[in-house]
>>> print(open('input15.txt').read())   # compact mmCIF, N, CA and C atoms
# COMPACT_ATOMS: atom_id res chain seq x y z
N MET Y 1 65.77 -50.24 9.88
CA MET Y 1 66.63 -49.58 8.92
C MET Y 1 65.82 -48.96 7.78
N ILE Y 2 64.83 -49.69 7.32
CA ILE Y 2 64.02 -49.19 6.21
C ILE Y 2 63.19 -47.99 6.64
N VAL Y 3 62.77 -47.96 7.90
CA VAL Y 3 61.98 -46.84 8.41
C VAL Y 3 62.83 -45.57 8.42
N ILE Y 4 64.06 -45.67 8.81
CA ILE Y 4 64.96 -44.51 8.81
C ILE Y 4 65.20 -44.02 7.38
N LEU Y 5 65.34 -44.94 6.45
CA LEU Y 5 65.54 -44.57 5.04
C LEU Y 5 64.32 -43.82 4.50
N PHE Y 6 63.11 -44.28 4.85
CA PHE Y 6 61.91 -43.58 4.41
C PHE Y 6 61.79 -42.19 5.05
N ARG Y 7 62.19 -42.06 6.28
CA ARG Y 7 62.17 -40.75 6.93
C ARG Y 7 63.13 -39.78 6.26
N ILE Y 8 64.30 -40.26 5.91
CA ILE Y 8 65.27 -39.41 5.20
C ILE Y 8 64.72 -39.02 3.83
N LEU Y 9 64.06 -39.95 3.16
CA LEU Y 9 63.47 -39.67 1.86
C LEU Y 9 62.34 -38.64 1.98
N ILE Y 10 61.54 -38.71 3.02
CA ILE Y 10 60.46 -37.74 3.23
C ILE Y 10 61.03 -36.35 3.51
N VAL Y 11 62.08 -36.28 4.33
CA VAL Y 11 62.71 -34.98 4.61
C VAL Y 11 63.30 -34.40 3.34
N PHE Y 12 63.93 -35.23 2.53
CA PHE Y 12 64.50 -34.76 1.26
C PHE Y 12 63.40 -34.26 0.32
N ALA Y 13 62.27 -34.98 0.26
CA ALA Y 13 61.15 -34.57 -0.60
C ALA Y 13 60.55 -33.25 -0.12
N LEU Y 14 60.43 -33.06 1.18
CA LEU Y 14 59.92 -31.79 1.70
C LEU Y 14 60.86 -30.63 1.41
N ALA Y 15 62.16 -30.88 1.54
CA ALA Y 15 63.13 -29.82 1.23
C ALA Y 15 63.06 -29.45 -0.25
N LEU Y 16 62.90 -30.43 -1.12
CA LEU Y 16 62.78 -30.16 -2.55
C LEU Y 16 61.49 -29.40 -2.86
N LEU Y 17 60.43 -29.73 -2.16
CA LEU Y 17 59.16 -29.03 -2.35
C LEU Y 17 59.27 -27.57 -1.92
N VAL Y 18 59.89 -27.31 -0.79
CA VAL Y 18 60.07 -25.94 -0.31
C VAL Y 18 60.96 -25.16 -1.27
N TYR Y 19 62.03 -25.77 -1.75
CA TYR Y 19 62.93 -25.11 -2.70
C TYR Y 19 62.18 -24.74 -3.98
N THR Y 20 61.37 -25.65 -4.50
CA THR Y 20 60.60 -25.38 -5.71
C THR Y 20 59.61 -24.25 -5.50
N TRP Y 21 58.95 -24.21 -4.35
CA TRP Y 21 57.99 -23.16 -4.05
C TRP Y 21 58.68 -21.79 -3.97
N VAL Y 22 59.84 -21.73 -3.35
CA VAL Y 22 60.58 -20.47 -3.23
C VAL Y 22 61.03 -20.00 -4.61
N GLN Y 23 61.50 -20.90 -5.45
CA GLN Y 23 61.92 -20.51 -6.80
C GLN Y 23 60.74 -19.99 -7.62
N TYR Y 24 59.59 -20.61 -7.48
CA TYR Y 24 58.40 -20.14 -8.19
C TYR Y 24 57.99 -18.75 -7.70
N TYR Y 25 58.04 -18.55 -6.40
CA TYR Y 25 57.62 -17.28 -5.82
C TYR Y 25 58.55 -16.14 -6.21
N ARG Y 26 59.84 -16.41 -6.37
CA ARG Y 26 60.81 -15.37 -6.70
C ARG Y 26 60.98 -15.16 -8.20
N ASN Y 27 60.28 -15.89 -9.04
CA ASN Y 27 60.43 -15.80 -10.48
C ASN Y 27 60.01 -14.41 -10.99
N PRO Y 28 60.90 -13.68 -11.64
CA PRO Y 28 60.54 -12.32 -12.09
C PRO Y 28 59.49 -12.32 -13.21
N LEU Y 29 59.43 -13.34 -14.04
CA LEU Y 29 58.40 -13.37 -15.07
C LEU Y 29 57.01 -13.53 -14.46
N ARG Y 30 56.91 -14.21 -13.34
CA ARG Y 30 55.66 -14.32 -12.63
C ARG Y 30 55.22 -12.95 -12.12
N LYS Y 31 56.18 -12.20 -11.59
CA LYS Y 31 55.87 -10.85 -11.10
C LYS Y 31 55.44 -9.94 -12.26
N LEU Y 32 56.04 -10.15 -13.42
CA LEU Y 32 55.68 -9.36 -14.61
C LEU Y 32 54.24 -9.67 -15.02
N ARG Y 33 53.86 -10.95 -15.03
CA ARG Y 33 52.48 -11.32 -15.39
C ARG Y 33 51.48 -10.77 -14.39
N ILE Y 34 51.82 -10.78 -13.11
CA ILE Y 34 50.91 -10.25 -12.09
C ILE Y 34 50.73 -8.75 -12.27
N ALA Y 35 51.83 -8.03 -12.54
CA ALA Y 35 51.75 -6.59 -12.74
C ALA Y 35 50.92 -6.26 -13.98
N LYS Y 36 51.02 -7.08 -15.01
CA LYS Y 36 50.22 -6.85 -16.22
C LYS Y 36 48.75 -7.06 -15.93
N ALA Y 37 48.43 -8.09 -15.17
CA ALA Y 37 47.02 -8.37 -14.85
C ALA Y 37 46.42 -7.29 -13.95
N GLU Y 38 47.24 -6.73 -13.06
CA GLU Y 38 46.74 -5.71 -12.14
C GLU Y 38 46.85 -4.30 -12.69
N GLY Y 39 47.54 -4.11 -13.82
CA GLY Y 39 47.68 -2.79 -14.40
C GLY Y 39 48.73 -1.94 -13.72
N ASP Y 40 49.69 -2.55 -13.04
CA ASP Y 40 50.75 -1.82 -12.35
C ASP Y 40 51.96 -1.63 -13.26
N PHE Y 41 52.96 -0.94 -12.73
CA PHE Y 41 54.22 -0.77 -13.43
C PHE Y 41 55.23 -1.75 -12.85
N TYR Y 42 55.91 -2.49 -13.73
CA TYR Y 42 56.97 -3.40 -13.31
C TYR Y 42 58.05 -3.39 -14.39
N PHE Y 43 59.29 -3.27 -13.95
CA PHE Y 43 60.44 -3.17 -14.85
C PHE Y 43 61.31 -4.39 -14.64
N LEU Y 44 61.48 -5.21 -15.67
CA LEU Y 44 62.28 -6.42 -15.59
C LEU Y 44 63.51 -6.26 -16.47
N ASP Y 45 64.68 -6.30 -15.83
CA ASP Y 45 65.90 -6.07 -16.58
C ASP Y 45 67.06 -6.73 -15.85
N ASP Y 46 68.05 -7.11 -16.62
CA ASP Y 46 69.33 -7.57 -16.08
C ASP Y 46 70.36 -6.53 -16.50
N PRO Y 47 70.70 -5.58 -15.62
CA PRO Y 47 71.59 -4.49 -16.03
C PRO Y 47 73.01 -4.95 -16.36
N ASN Y 48 73.40 -6.12 -15.89
CA ASN Y 48 74.75 -6.61 -16.17
C ASN Y 48 74.84 -7.36 -17.50
N ASN Y 49 73.72 -7.64 -18.12
CA ASN Y 49 73.69 -8.37 -19.38
C ASN Y 49 73.12 -7.45 -20.46
N SER Y 50 73.98 -6.93 -21.32
CA SER Y 50 73.53 -5.99 -22.34
C SER Y 50 72.83 -6.68 -23.50
N LYS Y 51 72.91 -7.99 -23.59
CA LYS Y 51 72.25 -8.71 -24.68
C LYS Y 51 70.82 -9.10 -24.35
N LYS Y 52 70.47 -9.02 -23.08
CA LYS Y 52 69.12 -9.38 -22.66
C LYS Y 52 68.21 -8.17 -22.75
N ASN Y 53 67.08 -8.32 -23.40
CA ASN Y 53 66.16 -7.21 -23.61
C ASN Y 53 65.48 -6.79 -22.31
N VAL Y 54 65.03 -5.55 -22.30
CA VAL Y 54 64.29 -4.99 -21.17
C VAL Y 54 62.82 -5.28 -21.39
N LEU Y 55 62.14 -5.78 -20.36
CA LEU Y 55 60.70 -5.97 -20.42
C LEU Y 55 60.08 -5.10 -19.32
N PHE Y 56 59.03 -4.39 -19.66
CA PHE Y 56 58.31 -3.64 -18.65
C PHE Y 56 56.84 -3.56 -19.00
N VAL Y 57 56.05 -3.46 -17.94
CA VAL Y 57 54.60 -3.43 -18.05
C VAL Y 57 54.11 -2.13 -17.44
N TYR Y 58 53.17 -1.51 -18.12
CA TYR Y 58 52.54 -0.31 -17.59
C TYR Y 58 51.10 -0.27 -18.06
N LYS Y 59 50.19 -0.17 -17.12
CA LYS Y 59 48.75 -0.12 -17.39
C LYS Y 59 48.29 -1.28 -18.27
N GLY Y 60 48.82 -2.47 -18.00
CA GLY Y 60 48.39 -3.66 -18.71
C GLY Y 60 49.00 -3.85 -20.08
N CYS Y 61 49.95 -3.04 -20.44
CA CYS Y 61 50.59 -3.13 -21.76
C CYS Y 61 52.03 -3.59 -21.58
N LEU Y 62 52.43 -4.62 -22.31
CA LEU Y 62 53.77 -5.18 -22.21
C LEU Y 62 54.67 -4.57 -23.29
N PHE Y 63 55.76 -3.95 -22.85
CA PHE Y 63 56.73 -3.34 -23.74
C PHE Y 63 58.02 -4.14 -23.71
N GLU Y 64 58.75 -4.11 -24.81
CA GLU Y 64 60.06 -4.74 -24.87
C GLU Y 64 61.05 -3.75 -25.46
N GLY Y 65 62.19 -3.61 -24.81
CA GLY Y 65 63.21 -2.69 -25.28
C GLY Y 65 64.50 -3.43 -25.60
N GLU Y 66 65.00 -3.22 -26.80
CA GLU Y 66 66.28 -3.81 -27.21
C GLU Y 66 67.40 -2.84 -26.86
N LYS Y 67 68.39 -3.33 -26.13
CA LYS Y 67 69.49 -2.48 -25.69
C LYS Y 67 70.65 -2.60 -26.68
N TYR Y 68 71.28 -1.46 -26.95
CA TYR Y 68 72.45 -1.41 -27.81
C TYR Y 68 73.57 -0.69 -27.07
N VAL Y 69 74.73 -1.32 -27.02
CA VAL Y 69 75.88 -0.77 -26.30
C VAL Y 69 76.69 0.11 -27.24
N GLY Y 70 77.16 1.22 -26.69
CA GLY Y 70 78.01 2.13 -27.43
C GLY Y 70 78.98 2.79 -26.47
N THR Y 71 79.71 3.76 -26.96
CA THR Y 71 80.72 4.42 -26.13
C THR Y 71 80.20 5.77 -25.64
N THR Y 72 80.57 6.09 -24.42
CA THR Y 72 80.35 7.42 -23.88
C THR Y 72 81.74 8.02 -23.68
N GLU Y 73 81.82 9.12 -22.98
CA GLU Y 73 83.13 9.76 -22.77
C GLU Y 73 84.09 8.88 -21.98
N ASP Y 74 83.55 8.13 -21.02
CA ASP Y 74 84.42 7.37 -20.12
C ASP Y 74 84.38 5.86 -20.31
N SER Y 75 83.27 5.32 -20.79
CA SER Y 75 83.15 3.87 -20.80
C SER Y 75 82.13 3.41 -21.85
N PHE Y 76 81.96 2.10 -21.91
CA PHE Y 76 80.93 1.52 -22.75
C PHE Y 76 79.64 1.44 -21.94
N GLU Y 77 78.58 1.97 -22.48
CA GLU Y 77 77.28 2.00 -21.81
C GLU Y 77 76.19 1.68 -22.82
N VAL Y 78 74.99 1.46 -22.32
CA VAL Y 78 73.83 1.30 -23.19
C VAL Y 78 73.47 2.69 -23.70
N VAL Y 79 73.57 2.88 -25.01
CA VAL Y 79 73.33 4.22 -25.57
C VAL Y 79 72.03 4.29 -26.38
N ASP Y 80 71.49 3.17 -26.80
CA ASP Y 80 70.24 3.16 -27.56
C ASP Y 80 69.33 2.07 -27.00
N ILE Y 81 68.06 2.42 -26.89
CA ILE Y 81 67.04 1.45 -26.51
C ILE Y 81 65.88 1.64 -27.48
N HIS Y 82 65.56 0.58 -28.20
CA HIS Y 82 64.44 0.61 -29.14
C HIS Y 82 63.27 -0.11 -28.50
N VAL Y 83 62.20 0.62 -28.24
CA VAL Y 83 61.06 0.10 -27.50
C VAL Y 83 59.94 -0.24 -28.47
N THR Y 84 59.45 -1.47 -28.36
CA THR Y 84 58.30 -1.92 -29.14
C THR Y 84 57.25 -2.44 -28.17
N VAL Y 85 56.07 -2.65 -28.67
CA VAL Y 85 54.99 -3.21 -27.87
C VAL Y 85 54.67 -4.59 -28.44
N LYS Y 86 54.40 -5.54 -27.55
CA LYS Y 86 54.11 -6.90 -27.98
C LYS Y 86 52.78 -6.98 -28.73
N ASP Y 87 51.74 -6.37 -28.16
CA ASP Y 87 50.41 -6.40 -28.75
C ASP Y 87 49.91 -4.96 -28.88
N PRO Y 88 49.82 -4.43 -30.09
CA PRO Y 88 49.41 -3.03 -30.26
C PRO Y 88 48.00 -2.72 -29.73
N LEU Y 89 47.15 -3.73 -29.60
CA LEU Y 89 45.81 -3.48 -29.08
C LEU Y 89 45.83 -3.12 -27.60
N GLU Y 90 46.90 -3.48 -26.91
CA GLU Y 90 47.01 -3.15 -25.49
C GLU Y 90 47.30 -1.68 -25.26
N LEU Y 91 47.65 -0.95 -26.31
CA LEU Y 91 47.99 0.48 -26.19
C LEU Y 91 46.77 1.36 -25.95
N SER Y 92 45.58 0.82 -26.09
CA SER Y 92 44.39 1.65 -25.92
C SER Y 92 44.33 2.19 -24.50
N GLY Y 93 44.12 3.47 -24.38
CA GLY Y 93 44.05 4.12 -23.08
C GLY Y 93 45.34 4.77 -22.64
N LEU Y 94 46.45 4.50 -23.32
CA LEU Y 94 47.71 5.15 -22.96
C LEU Y 94 47.76 6.55 -23.56
N ARG Y 95 48.27 7.48 -22.77
CA ARG Y 95 48.39 8.86 -23.22
C ARG Y 95 49.86 9.21 -23.38
N ARG Y 96 50.09 10.39 -23.89
CA ARG Y 96 51.45 10.88 -24.08
C ARG Y 96 52.19 11.01 -22.74
N ASP Y 97 51.48 11.42 -21.70
CA ASP Y 97 52.10 11.54 -20.38
C ASP Y 97 52.58 10.19 -19.85
N ASP Y 98 51.86 9.13 -20.18
CA ASP Y 98 52.29 7.80 -19.78
C ASP Y 98 53.61 7.42 -20.44
N LEU Y 99 53.77 7.78 -21.69
CA LEU Y 99 55.02 7.48 -22.39
C LEU Y 99 56.18 8.31 -21.83
N TYR Y 100 55.90 9.54 -21.44
CA TYR Y 100 56.94 10.34 -20.81
C TYR Y 100 57.36 9.74 -19.46
N PHE Y 101 56.39 9.20 -18.72
CA PHE Y 101 56.71 8.52 -17.47
C PHE Y 101 57.62 7.31 -17.73
N LEU Y 102 57.30 6.54 -18.77
CA LEU Y 102 58.12 5.37 -19.11
C LEU Y 102 59.53 5.79 -19.53
N GLU Y 103 59.64 6.88 -20.27
CA GLU Y 103 60.96 7.38 -20.65
C GLU Y 103 61.77 7.76 -19.42
N GLU Y 104 61.14 8.41 -18.47
CA GLU Y 104 61.85 8.78 -17.24
C GLU Y 104 62.34 7.55 -16.49
N GLU Y 105 61.51 6.52 -16.42
CA GLU Y 105 61.91 5.30 -15.71
C GLU Y 105 63.07 4.61 -16.41
N ILE Y 106 63.08 4.63 -17.73
CA ILE Y 106 64.19 4.02 -18.47
C ILE Y 106 65.46 4.85 -18.27
N LEU Y 107 65.32 6.16 -18.31
CA LEU Y 107 66.49 7.02 -18.17
C LEU Y 107 67.06 6.99 -16.75
N ILE Y 108 66.26 6.66 -15.76
CA ILE Y 108 66.79 6.48 -14.41
C ILE Y 108 67.77 5.32 -14.39
N ARG Y 109 67.44 4.25 -15.10
CA ARG Y 109 68.29 3.06 -15.12
C ARG Y 109 69.42 3.15 -16.13
N TYR Y 110 69.18 3.84 -17.25
CA TYR Y 110 70.18 3.99 -18.31
C TYR Y 110 70.28 5.47 -18.67
N PRO Y 111 71.08 6.24 -17.95
CA PRO Y 111 71.11 7.69 -18.15
C PRO Y 111 71.68 8.13 -19.50
N PHE Y 112 72.48 7.31 -20.15
CA PHE Y 112 73.08 7.70 -21.43
C PHE Y 112 72.27 7.23 -22.62
N ALA Y 113 71.14 6.59 -22.39
CA ALA Y 113 70.38 5.98 -23.47
C ALA Y 113 69.53 6.99 -24.23
N LYS Y 114 69.48 6.78 -25.53
CA LYS Y 114 68.56 7.51 -26.40
C LYS Y 114 67.42 6.53 -26.70
N ILE Y 115 66.21 6.91 -26.35
CA ILE Y 115 65.08 6.01 -26.47
C ILE Y 115 64.38 6.25 -27.79
N GLU Y 116 64.20 5.18 -28.54
CA GLU Y 116 63.49 5.27 -29.81
C GLU Y 116 62.25 4.40 -29.73
N TRP Y 117 61.10 5.02 -29.88
CA TRP Y 117 59.82 4.31 -29.84
C TRP Y 117 59.49 3.83 -31.24
N LYS Y 118 59.18 2.57 -31.39
CA LYS Y 118 58.84 2.00 -32.69
C LYS Y 118 57.34 2.17 -32.96
N HIS Y 119 56.97 1.93 -34.20
CA HIS Y 119 55.57 2.04 -34.64
C HIS Y 119 54.73 1.06 -33.85
N PRO Y 120 53.58 1.37 -33.39
CA PRO Y 120 52.72 2.54 -33.52
C PRO Y 120 52.88 3.56 -32.40
N ILE Y 121 53.80 3.32 -31.47
CA ILE Y 121 53.97 4.24 -30.35
C ILE Y 121 54.53 5.57 -30.82
N SER Y 122 55.38 5.55 -31.82
CA SER Y 122 56.01 6.78 -32.30
C SER Y 122 54.97 7.76 -32.87
N LYS Y 123 53.86 7.26 -33.35
CA LYS Y 123 52.80 8.13 -33.89
C LYS Y 123 52.19 9.00 -32.81
N LEU Y 124 52.14 8.52 -31.58
CA LEU Y 124 51.56 9.31 -30.50
C LEU Y 124 52.50 10.43 -30.06
N LEU Y 125 53.78 10.23 -30.17
CA LEU Y 125 54.74 11.24 -29.72
C LEU Y 125 54.93 12.38 -30.70
N ILE Y 126 54.55 12.20 -31.93
CA ILE Y 126 54.74 13.24 -32.94
C ILE Y 126 53.79 14.40 -32.73
>>> encode(input="input15.txt", output="structure tokens")
Amino acid sequence: MIVILFRILIVFALALLVYTWVQYYRNPLRKLRIAKAEGDFYFLDDPNNSKKNVLFVYKGCLFEGEKYVGTTEDSFEVVDIHVTVKDPLELSGLRRDDLYFLEEEILIRYPFAKIEWKHPISKLLI
């Protein structure tokens, strides 16, 4: 009887281990850190939650965008996104064309949004 109980416990422990591994592998913040380390573009957002900020990485620089909901002609949509950078030193090497690419990617997801770049990014666009 005790042997069967230990076998059930081992199967349960293995199932828990596999579940934990899958959750770790699917974690979007992990994917964001990997994209930052590799210098890729990754966009992390929950489009159904307007209170959750947008995080995106481009060329090793982590950006954060605050979403603000407003009205359009037909419905309530995200109408303003204020983009800041976590660490201004990571901006080295970014050009104006890179910021235009980021604006296009944001506008694909939020077509009614007006994007406002905060300091020091706004100095490059002027």
>>> closest_atom_pairs(input="input15.txt", of="range 36-80 of chain Y", to="range 89-107 of chain Y", cutoff="7 Å", atoms="all atoms listed in the file", output="JSON lines")
{"residue": "Y:Gly60", "atom": "C", "partner": "Y:Glu90", "partner_atom": "CA", "distance": 5.8}
{"residue": "Y:Cys61", "atom": "CA", "partner": "Y:Glu90", "partner_atom": "C", "distance": 5.0}
{"residue": "Y:Leu62", "atom": "N", "partner": "Y:Glu90", "partner_atom": "CA", "distance": 6.5}
>>> write_last_selection(input="input15.txt", atoms="N, CA and C atoms", output="PDB file, in the coordinates of the input")
ATOM      1  N   GLY Y  60      48.820  -2.470 -18.000  1.00  0.00           N
ATOM      2  CA  GLY Y  60      48.390  -3.660 -18.710  1.00  0.00           C
ATOM      3  C   GLY Y  60      49.000  -3.850 -20.080  1.00  0.00           C
ATOM      4  N   CYS Y  61      49.950  -3.040 -20.440  1.00  0.00           N
ATOM      5  CA  CYS Y  61      50.590  -3.130 -21.760  1.00  0.00           C
ATOM      6  C   CYS Y  61      52.030  -3.590 -21.580  1.00  0.00           C
ATOM      7  N   LEU Y  62      52.430  -4.620 -22.310  1.00  0.00           N
ATOM      8  CA  LEU Y  62      53.770  -5.180 -22.210  1.00  0.00           C
ATOM      9  C   LEU Y  62      54.670  -4.570 -23.290  1.00  0.00           C
TER      10      LEU Y  62
END
>>> axis_aligned_box(input="input15.txt", around="range 92-107 of chain Y", padding_each_side="8 Å", output="JSON")
{"center_x": 55.6, "center_y": 6.2, "center_z": -20.9, "size_x": 39.0, "size_y": 26.7, "size_z": 26.4}
>>> select_by_dssp(input="input15.txt", residues="chain Y", states="strand (DSSP E or B)", output="number ranges by chain")
Y: 42-44, 54-58, 61-71, 76-85, 114-117
>>> residues_around(input="input15.txt", residues="range 25-37 of chain Y", least_positions_apart="2", cutoff="6.5 Å", atoms="all atoms listed in the file", output="list in words")
Thr20, Trp21, Val22, Gln23, Gly39, Asp40, Phe41, Tyr42, Val57, Tyr58, Lys59, Gly60 and Cys61 of chain Y
>>> write_last_selection(input="input15.txt", atoms="N, CA and C atoms", output="PDB file, in the frame of the given file")
ATOM      1  N   THR Y  20      61.370 -25.650  -4.500  1.00  0.00           N
ATOM      2  CA  THR Y  20      60.600 -25.380  -5.710  1.00  0.00           C
ATOM      3  C   THR Y  20      59.610 -24.250  -5.500  1.00  0.00           C
ATOM      4  N   TRP Y  21      58.950 -24.210  -4.350  1.00  0.00           N
ATOM      5  CA  TRP Y  21      57.990 -23.160  -4.050  1.00  0.00           C
ATOM      6  C   TRP Y  21      58.680 -21.790  -3.970  1.00  0.00           C
ATOM      7  N   VAL Y  22      59.840 -21.730  -3.350  1.00  0.00           N
ATOM      8  CA  VAL Y  22      60.580 -20.470  -3.230  1.00  0.00           C
ATOM      9  C   VAL Y  22      61.030 -20.000  -4.610  1.00  0.00           C
ATOM     10  N   GLN Y  23      61.500 -20.900  -5.450  1.00  0.00           N
ATOM     11  CA  GLN Y  23      61.920 -20.510  -6.800  1.00  0.00           C
ATOM     12  C   GLN Y  23      60.740 -19.990  -7.620  1.00  0.00           C
ATOM     13  N   GLY Y  39      47.540  -4.110 -13.820  1.00  0.00           N
ATOM     14  CA  GLY Y  39      47.680  -2.790 -14.400  1.00  0.00           C
ATOM     15  C   GLY Y  39      48.730  -1.940 -13.720  1.00  0.00           C
ATOM     16  N   ASP Y  40      49.690  -2.550 -13.040  1.00  0.00           N
ATOM     17  CA  ASP Y  40      50.750  -1.820 -12.350  1.00  0.00           C
ATOM     18  C   ASP Y  40      51.960  -1.630 -13.260  1.00  0.00           C
ATOM     19  N   PHE Y  41      52.960  -0.940 -12.730  1.00  0.00           N
ATOM     20  CA  PHE Y  41      54.220  -0.770 -13.430  1.00  0.00           C
ATOM     21  C   PHE Y  41      55.230  -1.750 -12.850  1.00  0.00           C
ATOM     22  N   TYR Y  42      55.910  -2.490 -13.730  1.00  0.00           N
ATOM     23  CA  TYR Y  42      56.970  -3.400 -13.310  1.00  0.00           C
ATOM     24  C   TYR Y  42      58.050  -3.390 -14.390  1.00  0.00           C
ATOM     25  N   VAL Y  57      56.050  -3.460 -17.940  1.00  0.00           N
ATOM     26  CA  VAL Y  57      54.600  -3.430 -18.050  1.00  0.00           C
ATOM     27  C   VAL Y  57      54.110  -2.130 -17.440  1.00  0.00           C
ATOM     28  N   TYR Y  58      53.170  -1.510 -18.120  1.00  0.00           N
ATOM     29  CA  TYR Y  58      52.540  -0.310 -17.590  1.00  0.00           C
ATOM     30  C   TYR Y  58      51.100  -0.270 -18.060  1.00  0.00           C
ATOM     31  N   LYS Y  59      50.190  -0.170 -17.120  1.00  0.00           N
ATOM     32  CA  LYS Y  59      48.750  -0.120 -17.390  1.00  0.00           C
ATOM     33  C   LYS Y  59      48.290  -1.280 -18.270  1.00  0.00           C
ATOM     34  N   GLY Y  60      48.820  -2.470 -18.000  1.00  0.00           N
ATOM     35  CA  GLY Y  60      48.390  -3.660 -18.710  1.00  0.00           C
ATOM     36  C   GLY Y  60      49.000  -3.850 -20.080  1.00  0.00           C
ATOM     37  N   CYS Y  61      49.950  -3.040 -20.440  1.00  0.00           N
ATOM     38  CA  CYS Y  61      50.590  -3.130 -21.760  1.00  0.00           C
ATOM     39  C   CYS Y  61      52.030  -3.590 -21.580  1.00  0.00           C
TER      40      CYS Y  61
END
>>> residues_around(input="input15.txt", residues="Asp80 in chain Y", least_positions_apart="4", cutoff="7 Å", atoms="all atoms listed in the file", output="list of chain:residue names")
Y:Glu66, Y:Lys67, Y:Tyr68, Y:Val69, Y:Gly70, Y:Phe112, Y:Ala113, Y:Lys114, Y:Ile115, Y:Glu116
>>> atom_distance(input="input15.txt", atom1="CA of Ala15 in chain Y", atom2="atom N of Val3 in chain Y")
19.3 Å
>>> atom_distance(input="input15.txt", atom1="atom N of Ser122 in chain Y", atom2="atom N of Thr72 in chain Y")
26.3 Å
>>> atom_distance(input="input15.txt", atom1="CA of Asp74 in chain Y", atom2="atom N of Leu44 in chain Y")
26.5 Å
>>> decode(input="input15.txt", residues="range 53-58 of chain Y", atoms="all heavy atoms", output="PDB file, in the first residue's frame")
ATOM      1  N   ASN Y  53       0.317  49.109 -18.339  1.00  0.00           N
ATOM      2  CA  ASN Y  53       1.202  49.825 -19.244  1.00  0.00           C
ATOM      3  C   ASN Y  53       1.763  48.905 -20.326  1.00  0.00           C
ATOM      4  O   ASN Y  53       1.854  47.702 -20.158  1.00  0.00           O
ATOM      5  CB  ASN Y  53       2.366  50.444 -18.471  1.00  0.00           C
ATOM      6  CG  ASN Y  53       1.913  51.594 -17.611  1.00  0.00           C
ATOM      7  OD1 ASN Y  53       0.808  52.090 -17.744  1.00  0.00           O
ATOM      8  ND2 ASN Y  53       2.778  52.020 -16.709  1.00  0.00           N
ATOM      9  N   VAL Y  54       2.163  49.522 -21.418  1.00  0.00           N
ATOM     10  CA  VAL Y  54       2.789  48.829 -22.533  1.00  0.00           C
ATOM     11  C   VAL Y  54       4.287  48.798 -22.281  1.00  0.00           C
ATOM     12  O   VAL Y  54       4.883  49.814 -21.944  1.00  0.00           O
ATOM     13  CB  VAL Y  54       2.505  49.574 -23.852  1.00  0.00           C
ATOM     14  CG1 VAL Y  54       3.241  48.950 -24.994  1.00  0.00           C
ATOM     15  CG2 VAL Y  54       1.038  49.653 -24.125  1.00  0.00           C
ATOM     16  N   LEU Y  55       4.903  47.637 -22.446  1.00  0.00           N
ATOM     17  CA  LEU Y  55       6.350  47.519 -22.364  1.00  0.00           C
ATOM     18  C   LEU Y  55       6.851  47.011 -23.712  1.00  0.00           C
ATOM     19  O   LEU Y  55       6.276  46.091 -24.283  1.00  0.00           O
ATOM     20  CB  LEU Y  55       6.758  46.525 -21.273  1.00  0.00           C
ATOM     21  CG  LEU Y  55       6.471  46.921 -19.839  1.00  0.00           C
ATOM     22  CD1 LEU Y  55       6.785  45.775 -18.908  1.00  0.00           C
ATOM     23  CD2 LEU Y  55       7.275  48.136 -19.452  1.00  0.00           C
ATOM     24  N   PHE Y  56       7.897  47.629 -24.223  1.00  0.00           N
ATOM     25  CA  PHE Y  56       8.501  47.127 -25.443  1.00  0.00           C
ATOM     26  C   PHE Y  56       9.993  47.400 -25.438  1.00  0.00           C
ATOM     27  O   PHE Y  56      10.471  48.323 -24.798  1.00  0.00           O
ATOM     28  CB  PHE Y  56       7.824  47.668 -26.710  1.00  0.00           C
ATOM     29  CG  PHE Y  56       7.710  49.158 -26.791  1.00  0.00           C
ATOM     30  CD1 PHE Y  56       8.635  49.899 -27.481  1.00  0.00           C
ATOM     31  CD2 PHE Y  56       6.646  49.812 -26.193  1.00  0.00           C
ATOM     32  CE1 PHE Y  56       8.522  51.275 -27.588  1.00  0.00           C
ATOM     33  CE2 PHE Y  56       6.520  51.181 -26.296  1.00  0.00           C
ATOM     34  CZ  PHE Y  56       7.462  51.917 -26.987  1.00  0.00           C
ATOM     35  N   VAL Y  57      10.690  46.515 -26.131  1.00  0.00           N
ATOM     36  CA  VAL Y  57      12.146  46.567 -26.200  1.00  0.00           C
ATOM     37  C   VAL Y  57      12.540  46.705 -27.662  1.00  0.00           C
ATOM     38  O   VAL Y  57      11.957  46.055 -28.531  1.00  0.00           O
ATOM     39  CB  VAL Y  57      12.759  45.268 -25.623  1.00  0.00           C
ATOM     40  CG1 VAL Y  57      14.246  45.225 -25.854  1.00  0.00           C
ATOM     41  CG2 VAL Y  57      12.462  45.144 -24.163  1.00  0.00           C
ATOM     42  N   TYR Y  58      13.498  47.568 -27.908  1.00  0.00           N
ATOM     43  CA  TYR Y  58      14.034  47.715 -29.254  1.00  0.00           C
ATOM     44  C   TYR Y  58      15.507  48.067 -29.149  1.00  0.00           C
ATOM     45  O   TYR Y  58      15.866  49.044 -28.476  1.00  0.00           O
ATOM     46  CB  TYR Y  58      13.271  48.787 -30.027  1.00  0.00           C
ATOM     47  CG  TYR Y  58      13.673  48.897 -31.466  1.00  0.00           C
ATOM     48  CD1 TYR Y  58      13.446  47.872 -32.362  1.00  0.00           C
ATOM     49  CD2 TYR Y  58      14.290  50.038 -31.941  1.00  0.00           C
ATOM     50  CE1 TYR Y  58      13.819  47.965 -33.681  1.00  0.00           C
ATOM     51  CE2 TYR Y  58      14.661  50.155 -33.265  1.00  0.00           C
ATOM     52  CZ  TYR Y  58      14.426  49.116 -34.125  1.00  0.00           C
ATOM     53  OH  TYR Y  58      14.803  49.214 -35.433  1.00  0.00           O
TER      54      TYR Y  58
END
